[in-house]
file protein_15.cif (mmCIF, C-alpha atoms)
data_start
loop_
_atom_site.label_atom_id
_atom_site.label_comp_id
_atom_site.auth_asym_id
_atom_site.auth_seq_id
_atom_site.Cartn_x
_atom_site.Cartn_y
_atom_site.Cartn_z
CA MET A 215 -4.03 38.41 18.27
CA SER A 216 -6.81 35.89 17.57
CA ARG A 217 -5.86 32.45 16.39
CA PRO A 218 -7.20 32.77 12.82
CA GLU A 219 -4.90 35.74 12.23
CA GLN A 220 -1.78 33.75 13.08
CA THR A 221 0.13 32.53 10.08
CA GLY A 222 3.23 30.97 11.63
CA ALA A 223 3.44 27.39 12.83
CA ILE A 224 3.23 26.83 16.59
CA ALA A 225 4.43 24.08 18.91
CA LEU A 226 1.13 22.25 19.23
CA TRP A 227 2.21 20.14 22.20
CA ARG A 228 2.70 23.38 24.12
CA ASP A 229 -0.74 24.66 23.20
CA ARG A 230 -3.11 23.62 26.01
CA ARG A 231 -6.20 24.21 23.93
CA PHE A 232 -5.05 21.92 21.14
CA CYS A 233 -3.83 19.30 23.63
CA ARG A 234 -7.25 19.21 25.27
CA PHE A 235 -8.94 18.85 21.90
CA TRP A 236 -6.46 16.16 20.82
CA ALA A 237 -7.06 14.28 24.10
CA ALA A 238 -10.83 14.50 23.58
CA GLN A 239 -10.54 13.05 20.08
CA SER A 240 -8.07 10.36 21.15
CA VAL A 241 -10.11 9.02 24.07
CA SER A 242 -13.31 8.84 22.02
CA GLN A 243 -11.47 7.05 19.20
CA PHE A 244 -10.31 4.31 21.58
CA GLY A 245 -13.87 3.99 22.88
CA ASP A 246 -15.17 3.65 19.32
CA ARG A 247 -12.97 0.62 18.73
CA ILE A 248 -14.69 -1.12 21.66
CA THR A 249 -18.18 -0.39 20.35
CA GLU A 250 -17.26 -1.47 16.82
CA LEU A 251 -16.50 -4.88 18.31
CA ALA A 252 -19.25 -4.99 20.94
CA LEU A 253 -22.25 -3.84 18.90
CA PRO A 254 -22.14 -6.70 16.35
CA LEU A 255 -21.38 -9.16 19.16
CA ILE A 256 -24.58 -8.16 20.96
CA ALA A 257 -26.52 -8.77 17.76
CA VAL A 258 -24.88 -12.14 17.11
CA SER A 259 -24.52 -13.60 20.60
CA ALA A 260 -27.51 -12.15 22.45
CA LEU A 261 -30.04 -11.84 19.63
CA ASN A 262 -28.88 -14.55 17.17
CA ALA A 263 -28.86 -12.03 14.33
CA SER A 264 -28.29 -13.27 10.78
CA ALA A 265 -25.48 -12.05 8.51
CA ASN A 266 -27.97 -9.85 6.66
CA GLN A 267 -29.17 -8.28 9.92
CA VAL A 268 -25.59 -7.58 11.01
CA SER A 269 -24.95 -5.97 7.61
CA TRP A 270 -27.93 -3.68 8.13
CA LEU A 271 -26.52 -2.72 11.52
CA THR A 272 -23.31 -1.57 9.84
CA ALA A 273 -25.20 0.19 7.05
CA LEU A 274 -27.33 2.21 9.48
CA ILE A 275 -24.21 3.72 11.05
CA TRP A 276 -23.24 5.15 7.64
CA THR A 277 -26.75 6.07 6.47
CA PRO A 278 -26.94 9.50 8.22
CA ASN A 279 -24.03 10.67 6.05
CA LEU A 280 -26.47 10.79 3.13
CA LEU A 281 -28.17 13.71 4.90
CA ALA A 282 -24.89 15.43 5.82
CA ILE A 283 -25.36 17.95 3.01
CA PHE A 284 -28.46 19.33 4.77
CA LEU A 285 -27.11 19.00 8.30
CA GLY A 286 -23.94 20.82 7.27
CA ALA A 287 -26.04 23.65 5.77
CA TRP A 288 -27.89 23.97 9.07
CA VAL A 289 -24.70 23.86 11.16
CA ASP A 290 -23.10 26.64 9.10
CA HIS A 291 -25.86 28.98 10.26
CA GLN A 292 -25.21 28.21 13.94
CA ALA A 293 -22.82 30.55 15.70
CA HIS A 294 -21.52 28.19 18.40
CA LYS A 295 -19.95 25.13 16.75
CA ARG A 296 -18.32 24.00 19.99
CA ARG A 297 -21.73 23.63 21.64
CA LEU A 298 -22.90 21.42 18.79
CA MET A 299 -19.82 19.21 19.17
CA ILE A 300 -20.46 18.89 22.92
CA LEU A 301 -24.13 18.10 22.22
CA ALA A 302 -23.10 15.39 19.74
CA ASP A 303 -20.82 13.78 22.35
CA LEU A 304 -23.54 13.87 25.02
CA VAL A 305 -26.14 12.37 22.67
CA ARG A 306 -23.80 9.51 21.75
CA ALA A 307 -23.05 8.84 25.41
CA ALA A 308 -26.75 8.77 26.36
CA VAL A 309 -27.73 6.55 23.42
CA LEU A 310 -24.96 4.05 24.12
CA LEU A 311 -25.83 3.89 27.83
CA SER A 312 -29.33 2.73 26.86
CA LEU A 313 -27.84 -0.62 25.79
CA PRO A 314 -26.35 -1.74 29.13
CA ALA A 315 -29.49 -0.43 30.85
CA ALA A 316 -31.67 -2.58 28.60
CA HIS A 317 -29.28 -5.51 29.04
CA LEU A 318 -29.64 -5.39 32.82
CA SER A 319 -33.43 -5.52 32.49
CA GLY A 320 -33.27 -8.19 29.78
CA THR A 321 -35.02 -6.07 27.15
CA VAL A 322 -32.35 -5.60 24.45
CA THR A 323 -33.86 -5.92 20.98
CA LEU A 324 -32.54 -5.78 17.43
CA GLY A 325 -34.69 -2.70 16.87
CA GLN A 326 -32.89 -0.95 19.71
CA LEU A 327 -29.52 -1.85 18.19
CA TYR A 328 -30.68 -0.36 14.89
CA ALA A 329 -31.82 2.79 16.66
CA VAL A 330 -28.50 3.08 18.50
CA ALA A 331 -26.59 2.69 15.22
CA LEU A 332 -28.73 5.32 13.49
CA LEU A 333 -28.66 7.87 16.32
CA THR A 334 -24.94 7.55 17.05
CA GLY A 335 -24.27 7.84 13.32
CA THR A 336 -26.39 11.01 13.13
CA ALA A 337 -24.63 12.53 16.15
CA GLY A 338 -21.31 11.67 14.51
CA VAL A 339 -22.32 13.58 11.37
CA LEU A 340 -23.31 16.56 13.55
CA PHE A 341 -19.90 16.50 15.22
CA ASN A 342 -18.04 16.13 11.92
CA THR A 343 -19.85 19.02 10.22
CA ALA A 344 -19.27 21.33 13.21
CA TYR A 345 -15.62 20.27 13.42
CA PRO A 346 -14.05 22.05 10.37
CA PRO A 347 -14.92 25.66 11.33
CA PHE A 348 -13.91 24.97 14.94
CA PHE A 349 -10.60 23.41 13.84
CA VAL A 350 -9.50 26.50 11.87
CA ARG A 351 -10.27 28.76 14.84
CA LEU A 352 -8.12 26.54 17.04
CA VAL A 353 -5.09 25.86 14.82
CA PRO A 354 -3.12 28.41 12.75
CA ARG A 355 -2.94 27.76 9.03
CA ALA A 356 0.76 26.86 9.03
CA SER A 357 0.08 24.08 11.56
CA TYR A 358 -2.84 22.39 9.73
CA VAL A 359 -0.75 19.45 8.48
CA ASP A 360 0.95 18.97 11.85
CA ALA A 361 -2.38 19.09 13.70
CA ASN A 362 -4.06 16.65 11.30
CA SER A 363 -1.03 14.39 11.60
CA LYS A 364 -1.35 14.25 15.39
CA LEU A 365 -5.12 13.68 15.26
CA SER A 366 -4.72 10.96 12.62
CA ALA A 367 -1.89 9.31 14.55
CA SER A 368 -4.08 8.87 17.64
CA ARG A 369 -6.85 7.46 15.43
CA SER A 370 -4.39 5.00 13.88
CA ALA A 371 -3.07 4.07 17.32
CA SER A 372 -6.63 3.25 18.39
CA TYR A 373 -6.83 0.71 15.57
CA VAL A 374 -3.59 -0.89 16.79
CA ALA A 375 -4.34 -0.97 20.52
CA GLY A 376 -8.15 -0.70 20.52
CA PRO A 377 -8.93 -4.30 19.52
CA ALA A 378 -6.29 -5.60 21.94
CA ILE A 379 -8.02 -3.69 24.76
CA GLY A 380 -11.57 -4.15 23.54
CA GLY A 381 -11.42 -7.92 23.06
CA PRO A 382 -10.50 -8.82 26.65
CA LEU A 383 -12.82 -6.08 27.94
CA VAL A 384 -15.79 -7.51 26.07
CA GLN A 385 -14.86 -11.02 27.23
CA ALA A 386 -14.54 -9.96 30.86
CA LEU A 387 -17.53 -7.63 31.11
CA THR A 388 -19.80 -8.89 28.27
CA ALA A 389 -20.43 -6.75 25.19
CA PRO A 390 -23.33 -4.60 26.53
CA VAL A 391 -21.43 -3.65 29.70
CA ALA A 392 -18.23 -2.93 27.74
CA ILE A 393 -20.15 -0.30 25.77
CA VAL A 394 -20.30 1.71 29.00
CA VAL A 395 -16.59 2.41 28.45
CA ASP A 396 -17.29 4.01 25.05
CA ALA A 397 -20.14 6.07 26.55
CA LEU A 398 -17.77 7.33 29.22
CA THR A 399 -15.19 8.32 26.58
CA PHE A 400 -17.80 10.55 24.95
CA LEU A 401 -18.53 12.16 28.32
CA VAL A 402 -14.80 12.78 28.80
CA SER A 403 -14.63 14.21 25.28
CA ALA A 404 -17.55 16.55 26.00
CA VAL A 405 -15.86 17.84 29.16
CA LEU A 406 -12.52 18.38 27.41
CA VAL A 407 -14.08 20.12 24.39
CA SER A 408 -16.06 22.38 26.75
CA ARG A 409 -12.72 23.57 28.16
CA VAL A 410 -11.28 24.44 24.73
CA SER A 411 -11.91 28.11 24.12
CA ALA A 412 -12.05 29.35 20.53
CA ASP A 413 -12.94 32.69 18.97
CA GLU A 414 -16.18 31.76 17.20
CA PRO A 415 -17.64 34.66 15.19
CA LEU A 416 -21.33 35.42 15.46
CA ALA A 417 -23.69 34.56 12.61
CA ALA A 418 -23.36 37.07 9.80
CA CYS A 419 -27.05 37.51 9.08
CA GLY A 420 -30.34 37.71 10.86
CA THR A 421 -33.29 35.34 10.70
CA SER A 422 -35.16 37.47 8.15
CA ALA A 423 -32.25 37.22 5.69
CA THR A 424 -31.66 33.50 6.15
CA PRO A 425 -31.78 31.50 2.89
CA SER A 426 -33.68 28.21 2.91
CA LEU A 427 -31.93 25.05 4.06
CA LEU A 428 -32.18 23.61 0.56
CA ARG A 429 -30.54 26.70 -0.93
CA ARG A 430 -27.70 26.62 1.60
CA ALA A 431 -27.15 22.90 0.94
CA LYS A 432 -27.02 23.63 -2.80
CA GLU A 433 -24.49 26.42 -2.16
CA GLY A 434 -22.17 23.96 -0.43
CA LEU A 435 -22.32 21.50 -3.32
CA THR A 436 -22.00 24.28 -5.92
CA PHE A 437 -18.94 25.68 -4.17
CA ILE A 438 -17.22 22.28 -4.37
CA VAL A 439 -18.09 21.80 -8.05
CA ARG A 440 -16.79 25.26 -9.00
CA HIS A 441 -13.62 25.12 -6.92
CA PRO A 442 -10.81 23.34 -8.85
CA VAL A 443 -9.03 22.09 -5.71
CA LEU A 444 -12.14 20.85 -3.91
CA ARG A 445 -13.65 19.35 -7.06
CA ALA A 446 -10.52 17.35 -7.84
CA GLY A 447 -10.07 16.34 -4.20
CA LEU A 448 -13.63 15.07 -3.88
CA GLY A 449 -13.51 13.25 -7.22
CA CYS A 450 -10.28 11.53 -6.20
CA ALA A 451 -11.45 10.67 -2.67
CA ALA A 452 -14.83 9.35 -3.84
CA THR A 453 -13.16 7.21 -6.52
CA VAL A 454 -10.65 5.79 -4.04
CA ASN A 455 -13.40 5.06 -1.52
CA PHE A 456 -15.59 3.38 -4.13
CA PHE A 457 -12.88 0.97 -5.23
CA THR A 458 -11.46 0.28 -1.77
CA PHE A 459 -14.98 -0.61 -0.66
CA VAL A 460 -15.29 -2.83 -3.74
CA ALA A 461 -12.46 -4.79 -2.14
CA GLY A 462 -13.83 -4.14 1.34
CA SER A 463 -12.39 -5.64 4.51
CA GLY A 464 -14.97 -8.42 4.30
CA LEU A 465 -13.88 -9.60 0.85
CA ILE A 466 -10.20 -9.31 1.77
CA VAL A 467 -10.77 -11.45 4.86
CA LEU A 468 -12.73 -13.97 2.78
CA PHE A 469 -9.96 -14.04 0.15
CA ALA A 470 -7.24 -14.44 2.78
CA SER A 471 -9.12 -17.29 4.42
CA ARG A 472 -10.31 -19.25 1.39
CA SER A 473 -7.86 -18.43 -1.40
CA LEU A 474 -4.68 -17.79 0.59
CA GLU A 475 -5.66 -20.40 3.22
CA LEU A 476 -4.49 -18.27 6.14
CA SER A 477 -5.68 -18.85 9.68
CA ALA A 478 -7.68 -16.29 11.62
CA GLY A 479 -4.65 -15.58 13.79
CA VAL A 480 -2.39 -14.84 10.82
CA ILE A 481 -5.04 -12.62 9.24
CA GLY A 482 -5.36 -10.72 12.52
CA ILE A 483 -1.60 -10.15 12.68
CA ALA A 484 -1.61 -8.89 9.08
CA PHE A 485 -4.35 -6.38 9.87
CA GLY A 486 -2.43 -5.32 12.99
CA ILE A 487 0.63 -4.66 10.84
CA GLY A 488 -1.59 -2.64 8.51
CA ALA A 489 -2.70 -0.47 11.42
CA THR A 490 0.98 0.11 12.21
CA GLY A 491 1.43 1.40 8.66
CA SER A 492 -1.38 3.87 9.26
CA LEU A 493 0.25 5.09 12.44
CA LEU A 494 3.61 5.62 10.71
CA GLY A 495 1.90 7.33 7.78
CA ALA A 496 0.19 9.80 10.09
CA VAL A 497 3.44 10.52 11.93
CA PHE A 498 5.59 11.02 8.82
CA ALA A 499 3.02 12.86 6.68
CA PRO A 500 4.21 16.35 7.77
CA ARG A 501 7.86 15.53 6.98
CA ILE A 502 6.96 14.08 3.59
CA SER A 503 4.78 17.07 2.68
CA ARG A 504 7.56 19.48 3.67
CA ARG A 505 10.07 17.54 1.55
CA PHE A 506 7.98 16.88 -1.56
CA GLY A 507 5.06 19.28 -1.23
CA VAL A 508 1.45 18.91 -0.09
CA GLY A 509 0.08 18.29 -3.59
CA ARG A 510 2.58 15.59 -4.54
CA SER A 511 2.04 13.88 -1.18
CA ILE A 512 -1.69 13.72 -1.92
CA ILE A 513 -0.99 12.14 -5.31
CA VAL A 514 1.34 9.52 -3.82
CA GLY A 515 -1.19 8.72 -1.10
CA ALA A 516 -4.01 8.41 -3.64
CA VAL A 517 -2.07 5.66 -5.42
CA LEU A 518 -0.44 4.02 -2.40
CA PHE A 519 -3.79 3.60 -0.63
CA PRO A 520 -5.52 1.25 -3.15
CA ALA A 521 -2.65 -0.15 -5.25
CA PRO A 522 -1.21 -2.54 -2.59
CA ILE A 523 -4.44 -4.54 -2.74
CA ALA A 524 -2.85 -6.08 -5.84
CA ILE A 525 0.00 -7.44 -3.71
CA ALA A 526 -2.44 -9.56 -1.73
CA ALA A 527 -4.51 -10.43 -4.81
CA THR A 528 -1.49 -11.88 -6.66
CA ALA A 529 0.00 -13.69 -3.64
CA ASP A 530 0.98 -17.34 -4.03
CA GLY A 531 3.63 -19.78 -2.88
CA PRO A 532 4.52 -20.96 0.63
CA LEU A 533 2.63 -19.88 3.73
CA TRP A 534 5.16 -17.25 4.82
CA LEU A 535 5.01 -15.59 1.40
CA ARG A 536 1.20 -15.50 1.30
CA ALA A 537 1.03 -14.13 4.84
CA GLY A 538 3.79 -11.63 4.10
CA ALA A 539 2.00 -10.41 0.99
CA LEU A 540 -1.20 -9.74 2.96
CA ALA A 541 0.75 -7.97 5.72
CA ALA A 542 2.67 -5.85 3.18
CA ALA A 543 -0.54 -4.92 1.38
CA GLU A 544 -2.16 -3.80 4.63
CA PHE A 545 0.95 -1.90 5.76
CA PHE A 546 1.49 0.10 2.56
CA SER A 547 -2.23 0.73 2.14
CA GLY A 548 -2.42 2.02 5.71
CA PHE A 549 0.58 4.30 5.13
CA GLY A 550 -0.95 5.59 1.91
CA VAL A 551 -4.37 6.43 3.33
CA MET A 552 -2.81 8.53 6.10
CA LEU A 553 -0.52 10.35 3.65
CA PHE A 554 -3.58 11.08 1.54
CA ASP A 555 -5.97 12.06 4.35
CA VAL A 556 -3.63 14.24 6.42
CA ASN A 557 -2.56 16.37 3.46
CA LEU A 558 -5.92 16.55 1.67
CA ASN A 559 -7.80 17.45 4.86
CA SER A 560 -5.27 20.19 5.58
CA LEU A 561 -5.47 21.56 2.05
CA GLN A 562 -9.26 21.67 2.19
CA ALA A 563 -9.13 23.54 5.50
CA ALA A 564 -6.86 26.10 3.82
CA VAL A 565 -9.06 26.85 0.80
CA ILE A 566 -12.61 26.80 2.24
CA PRO A 567 -13.84 30.19 3.53
CA ASP A 568 -15.23 30.40 7.06
CA GLY A 569 -18.81 31.02 5.99
CA MET A 570 -18.92 27.78 3.98
CA ARG A 571 -17.03 25.24 6.05
CA SER A 572 -19.85 23.15 7.51
CA ARG A 573 -22.05 23.09 4.41
CA VAL A 574 -19.04 22.15 2.26
CA ALA A 575 -18.14 19.42 4.78
CA GLY A 576 -21.72 18.16 4.67
CA ALA A 577 -21.89 18.04 0.87
CA TYR A 578 -18.45 16.43 0.75
CA SER A 579 -19.45 13.74 3.26
CA THR A 580 -22.70 12.94 1.45
CA ILE A 581 -20.81 12.09 -1.74
CA ASN A 582 -17.59 10.71 -0.26
CA TYR A 583 -19.28 8.49 2.34
CA GLY A 584 -22.42 7.82 0.33
CA ILE A 585 -20.35 6.09 -2.36
CA ARG A 586 -18.97 3.54 0.10
CA PRO A 587 -21.99 1.23 0.43
CA VAL A 588 -22.38 1.39 -3.37
CA GLY A 589 -18.82 0.14 -3.74
CA ALA A 590 -19.47 -2.64 -1.23
CA ILE A 591 -22.54 -3.81 -3.17
CA VAL A 592 -20.65 -3.74 -6.49
CA GLY A 593 -17.79 -5.65 -4.87
CA GLY A 594 -20.14 -8.39 -3.73
CA LEU A 595 -21.68 -8.70 -7.18
CA LEU A 596 -18.28 -8.79 -8.91
CA ALA A 597 -16.94 -11.41 -6.49
CA THR A 598 -19.97 -13.58 -7.24
CA LEU A 599 -19.67 -13.17 -11.02
CA ILE A 600 -15.91 -13.25 -11.67
CA GLY A 601 -14.34 -14.39 -8.38
CA LEU A 602 -12.43 -12.83 -5.49
CA ARG A 603 -8.98 -12.44 -7.05
CA PRO A 604 -10.13 -10.53 -10.18
CA THR A 605 -12.38 -8.33 -8.03
CA LEU A 606 -9.46 -7.33 -5.81
CA LEU A 607 -7.31 -6.55 -8.86
CA ILE A 608 -10.06 -4.36 -10.30
CA ALA A 609 -10.25 -2.52 -6.97
CA ALA A 610 -6.48 -1.94 -6.94
CA VAL A 611 -6.27 -0.66 -10.51
CA GLY A 612 -9.48 1.39 -10.37
CA GLY A 613 -8.49 3.00 -7.09
CA ALA A 614 -5.02 3.91 -8.35
CA LEU A 615 -6.56 5.61 -11.40
CA SER A 616 -8.15 8.11 -9.03
CA LEU A 617 -5.00 10.20 -9.54
CA LEU A 618 -6.47 11.18 -12.94
CA TRP A 619 -8.70 13.60 -11.01
CA LEU A 620 -5.62 15.27 -9.53
CA LEU A 621 -3.17 15.54 -12.43
CA PRO A 622 -5.01 18.27 -14.43
CA SER A 623 -5.97 20.17 -11.26
CA PRO A 624 -3.92 22.79 -9.37
CA ILE A 625 -3.16 20.27 -6.59
CA PRO A 626 0.17 18.89 -7.94
CA ARG A 627 1.60 22.45 -7.96
CA ILE A 628 0.73 23.17 -4.32
CA ARG A 629 3.84 22.82 -2.16
CA SER A 630 2.65 24.38 1.09
CA LEU A 631 -0.44 25.87 2.69
CA ALA A 632 0.85 29.44 2.60
CA PRO A 633 -2.03 31.74 1.50
CA SER A 634 -0.20 32.92 -1.63
CA ASN A 635 0.56 29.33 -2.64
CA THR A 636 -2.97 27.96 -2.43
CA ALA A 637 -4.52 31.13 -3.85
CA ASP A 638 -2.23 31.24 -6.88
CA THR A 639 -2.99 27.64 -7.78
CA ALA A 640 -6.76 27.86 -7.27
CA GLY A 641 -7.36 29.46 -10.65
CA ASP A 642 -10.72 31.07 -11.22
CA ALA A 643 -12.04 29.97 -7.85
CA ASP A 644 -10.31 32.82 -6.05
CA ASP A 645 -13.44 34.91 -6.27
CA ASP A 646 -15.42 32.11 -4.67
CA GLN A 647 -13.18 32.05 -1.60
CA ARG A 648 -14.50 35.27 -0.11
CA PRO A 649 -16.60 34.88 3.06
CA VAL A 650 -20.20 33.97 2.26
CA PRO A 651 -23.11 35.24 4.37
CA CYS A 652 -24.87 32.47 6.26
#
call {"tool": "encode", "arguments": {"input": "protein_15.cif", "output": "structure tokens"}}
result
Amino acid sequence: MSRPEQTGAIALWRDRRFCRFWAAQSVSQFGDRITELALPLIAVSALNASANQVSWLTALIWTPNLLAIFLGAWVDHQAHKRRLMILADLVRAAVLLSLPAAHLSGTVTLGQLYAVALLTGTAGVLFNTAYPPFFVRLVPRASYVDANSKLSASRSASYVAGPAIGGPLVQALTAPVAIVVDALTFLVSAVLVSRVSADEPLAACGTSATPSLLRRAKEGLTFIVRHPVLRAGLGCAATVNFFTFVAGSGLIVLFASRSLELSAGVIGIAFGIGATGSLLGAVFAPRISRRFGVGRSIIVGAVLFPAPIAIAATADGPLWLRAGALAAAEFFSGFGVMLFDVNLNSLQAAVIPDGMRSRVAGAYSTINYGIRPVGAIVGGLLATLIGLRPTLLIAAVGGALSLLWLLPSPIPRIRSLAPSNTADTAGDADDDQRPVPC
């Protein structure tokens, strides 16, 4: 029996294919934490980049997501998603290796850093749009939440341990040389993914019948808009992302330093505690969804993710109380985002038909990730006009109100990912869930 036909949950740790894929994702996540630290350090220490130039470096990593709607439409027409994922890993490894090579010859430039950010970001979008259809061929429907929990847990663990490993590594080897480690993790990921077999169906239509790229991209967006579960999920996620980026890690750090008068060490500990909350959220998400239902877990996560920002924003009193408030805010927010992501990602995997997965993922990413820099810009303007504390409170309240997208939708009534459950609550979109020719 092929994997997509299985409906019962399986013991994922006993599934060699999933374990290889999980290992590939885990090792590349730990490598990413090193590059996230090393890339800005190269710009600042080696090239004396300004704050504006460092901001552009960060922005260029996210910029390719604006084209995800078109890349996803193209990926959906490709039969071999695994090959695209391997290609994305190899491209990222090669691009990153160009930095230590240029460092050894003394030719590193800011333009090269920008190119590395843009190309690795584009390869990341390619991987992420090829990922959803591959995931559902690898994991049975009943194990979606468990699989996403394990993948999210390793990502959260990388945020806990990654900086602790990356910092000394950058200090010992220098930032450009440390990036070699991340490049090697992508090579390891490519090898592991190449050894994960999956039953990938051939393209459903020939070249002569292929719709235009623009039409396929439009189909992905239209499918989301017409589907009550996907529409509500995207509206909620985009709203949460907008307001959490209004607060942004930069503004929270600035607030903690200037308004709460916390040292860099205390702020670092608070963020470490927050990463622990994310890890626990990823681990406990399956149990919570089984106890309270997938839909209700999504609602709780949508509120618990942004609302704790208010704890930090209203902090006052002695040092231990201010530091504790920041740590609590980061912990509960981290727990909430994992509860939200694990369940919503699993629900989306359950309701999107095979022929639409990559183009839907592309359209979803364009909106969901494209809103983030807008939120960051608005946050900066608000902080300048009304101050840091009111801006953080606006972010907390606005983000929590994202649940208004979910309440009138079918999502609160979805308890599990059983086909009858998700189909019965999808309303008029049932007709849209049939396989769509590429």
call {"tool": "atom_distance", "arguments": {"input": "protein_15.cif", "atom1": "CA of Gly548 (chain A)", "atom2": "CA of Arg504 (chain A)"}}
result
20.2 Å
call {"tool": "residues_around", "arguments": {"input": "protein_15.cif", "residues": "Leu618 (chain A)", "least_positions_apart": "5", "cutoff": "12 Å", "atoms": "all atoms listed in the file", "output": "MDAnalysis selection string"}}
result
chainID A and resid 446:447 449:451 453:454 513 516:517 612:613 623 625:626
call {"tool": "closest_residue", "arguments": {"input": "protein_15.cif", "among": "A:Leu428, A:Ala412, A:Ala367, A:Ala273", "to": "Pro347 (chain A)", "atoms": "only C-alpha atoms"}}
result
A:Ala412
call {"tool": "residues_near_point", "arguments": {"input": "protein_15.cif", "point": "(-5.9, 1.3, -2.0)", "cutoff": "9 Å", "atoms": "all atoms listed in the file", "output": "list in words"}}
result
Val454, Asn455, Phe457, Thr458, Ala461, Gly515, Ala516, Val517, Leu518, Phe519, Pro520, Ala521, Pro522, Ile523, Ala524, Ala543, Phe546, Ser547, Gly548, Gly550, Val551, Ala609, Ala610, Val611, Gly613 and Ala614 of chain A
call {"tool": "residues_around", "arguments": {"input": "protein_15.cif", "residues": "region 253-266 of chain A", "least_positions_apart": "3", "cutoff": "10 Å", "atoms": "only C-alpha atoms", "output": "ChimeraX atom specification"}}
result
/A:248-250,269-272,310,313,317,322-324,327-328,330-331,384,388-390,392-393
call {"tool": "write_last_selection", "arguments": {"input": "protein_15.cif", "atoms": "C-alpha atoms", "output": "PDB file, in the frame of the given file"}}
result
ATOM      1  CA  ILE A 248     -14.690  -1.120  21.660  1.00  0.00           C
ATOM      2  CA  THR A 249     -18.180  -0.390  20.350  1.00  0.00           C
ATOM      3  CA  GLU A 250     -17.260  -1.470  16.820  1.00  0.00           C
ATOM      4  CA  SER A 269     -24.950  -5.970   7.610  1.00  0.00           C
ATOM      5  CA  TRP A 270     -27.930  -3.680   8.130  1.00  0.00           C
ATOM      6  CA  LEU A 271     -26.520  -2.720  11.520  1.00  0.00           C
ATOM      7  CA  THR A 272     -23.310  -1.570   9.840  1.00  0.00           C
ATOM      8  CA  LEU A 310     -24.960   4.050  24.120  1.00  0.00           C
ATOM      9  CA  LEU A 313     -27.840  -0.620  25.790  1.00  0.00           C
ATOM     10  CA  HIS A 317     -29.280  -5.510  29.040  1.00  0.00           C
ATOM     11  CA  VAL A 322     -32.350  -5.600  24.450  1.00  0.00           C
ATOM     12  CA  THR A 323     -33.860  -5.920  20.980  1.00  0.00           C
ATOM     13  CA  LEU A 324     -32.540  -5.780  17.430  1.00  0.00           C
ATOM     14  CA  LEU A 327     -29.520  -1.850  18.190  1.00  0.00           C
ATOM     15  CA  TYR A 328     -30.680  -0.360  14.890  1.00  0.00           C
ATOM     16  CA  VAL A 330     -28.500   3.080  18.500  1.00  0.00           C
ATOM     17  CA  ALA A 331     -26.590   2.690  15.220  1.00  0.00           C
ATOM     18  CA  VAL A 384     -15.790  -7.510  26.070  1.00  0.00           C
ATOM     19  CA  THR A 388     -19.800  -8.890  28.270  1.00  0.00           C
ATOM     20  CA  ALA A 389     -20.430  -6.750  25.190  1.00  0.00           C
ATOM     21  CA  PRO A 390     -23.330  -4.600  26.530  1.00  0.00           C
ATOM     22  CA  ALA A 392     -18.230  -2.930  27.740  1.00  0.00           C
ATOM     23  CA  ILE A 393     -20.150  -0.300  25.770  1.00  0.00           C
TER      24      ILE A 393
END
call {"tool": "atom_distance", "arguments": {"input": "protein_15.cif", "atom1": "CA of Ser492 (chain A)", "atom2": "CA of Leu468 (chain A)"}}
result
22.1 Å
call {"tool": "closest_atom_pairs", "arguments": {"input": "protein_15.cif", "of": "region 238-306 of chain A", "to": "region 576-587 of chain A", "cutoff": "12 Å", "atoms": "only C-alpha atoms", "output": "Markdown table"}}
result
| residue | atom | partner | partner_atom | distance |
| --- | --- | --- | --- | --- |
| A:Ser269 | CA | A:Pro587 | CA | 10.6 |
| A:Trp270 | CA | A:Pro587 | CA | 10.9 |
| A:Thr272 | CA | A:Pro587 | CA | 9.9 |
| A:Ala273 | CA | A:Pro587 | CA | 7.4 |
| A:Leu274 | CA | A:Pro587 | CA | 10.6 |
| A:Ile275 | CA | A:Tyr583 | CA | 11.1 |
| A:Trp276 | CA | A:Tyr583 | CA | 7.4 |
| A:Thr277 | CA | A:Gly584 | CA | 7.7 |
| A:Pro278 | CA | A:Thr580 | CA | 8.7 |
| A:Asn279 | CA | A:Thr580 | CA | 5.3 |
| A:Leu280 | CA | A:Thr580 | CA | 4.7 |
| A:Leu281 | CA | A:Thr580 | CA | 6.5 |
| A:Ala282 | CA | A:Gly576 | CA | 4.3 |
| A:Ile283 | CA | A:Gly576 | CA | 4.0 |
| A:Phe284 | CA | A:Gly576 | CA | 6.8 |
| A:Leu285 | CA | A:Gly576 | CA | 6.6 |
| A:Gly286 | CA | A:Gly576 | CA | 4.3 |
| A:Ala287 | CA | A:Gly576 | CA | 7.1 |
| A:Trp288 | CA | A:Gly576 | CA | 9.5 |
| A:Val289 | CA | A:Gly576 | CA | 9.1 |
| A:Asp290 | CA | A:Gly576 | CA | 9.7 |
call {"tool": "write_last_selection", "arguments": {"input": "protein_15.cif", "atoms": "C-alpha atoms", "output": "tab-separated table (two decimals), keeping the file's coordinate frame"}}
result
chain	number	residue	atom	x	y	z
A	269	SER	CA	-24.95	-5.97	7.61
A	270	TRP	CA	-27.93	-3.68	8.13
A	272	THR	CA	-23.31	-1.57	9.84
A	273	ALA	CA	-25.20	0.19	7.05
A	274	LEU	CA	-27.33	2.21	9.48
A	275	ILE	CA	-24.21	3.72	11.05
A	276	TRP	CA	-23.24	5.15	7.64
A	277	THR	CA	-26.75	6.07	6.47
A	278	PRO	CA	-26.94	9.50	8.22
A	279	ASN	CA	-24.03	10.67	6.05
A	280	LEU	CA	-26.47	10.79	3.13
A	281	LEU	CA	-28.17	13.71	4.90
A	282	ALA	CA	-24.89	15.43	5.82
A	283	ILE	CA	-25.36	17.95	3.01
A	284	PHE	CA	-28.46	19.33	4.77
A	285	LEU	CA	-27.11	19.00	8.30
A	286	GLY	CA	-23.94	20.82	7.27
A	287	ALA	CA	-26.04	23.65	5.77
A	288	TRP	CA	-27.89	23.97	9.07
A	289	VAL	CA	-24.70	23.86	11.16
A	290	ASP	CA	-23.10	26.64	9.10
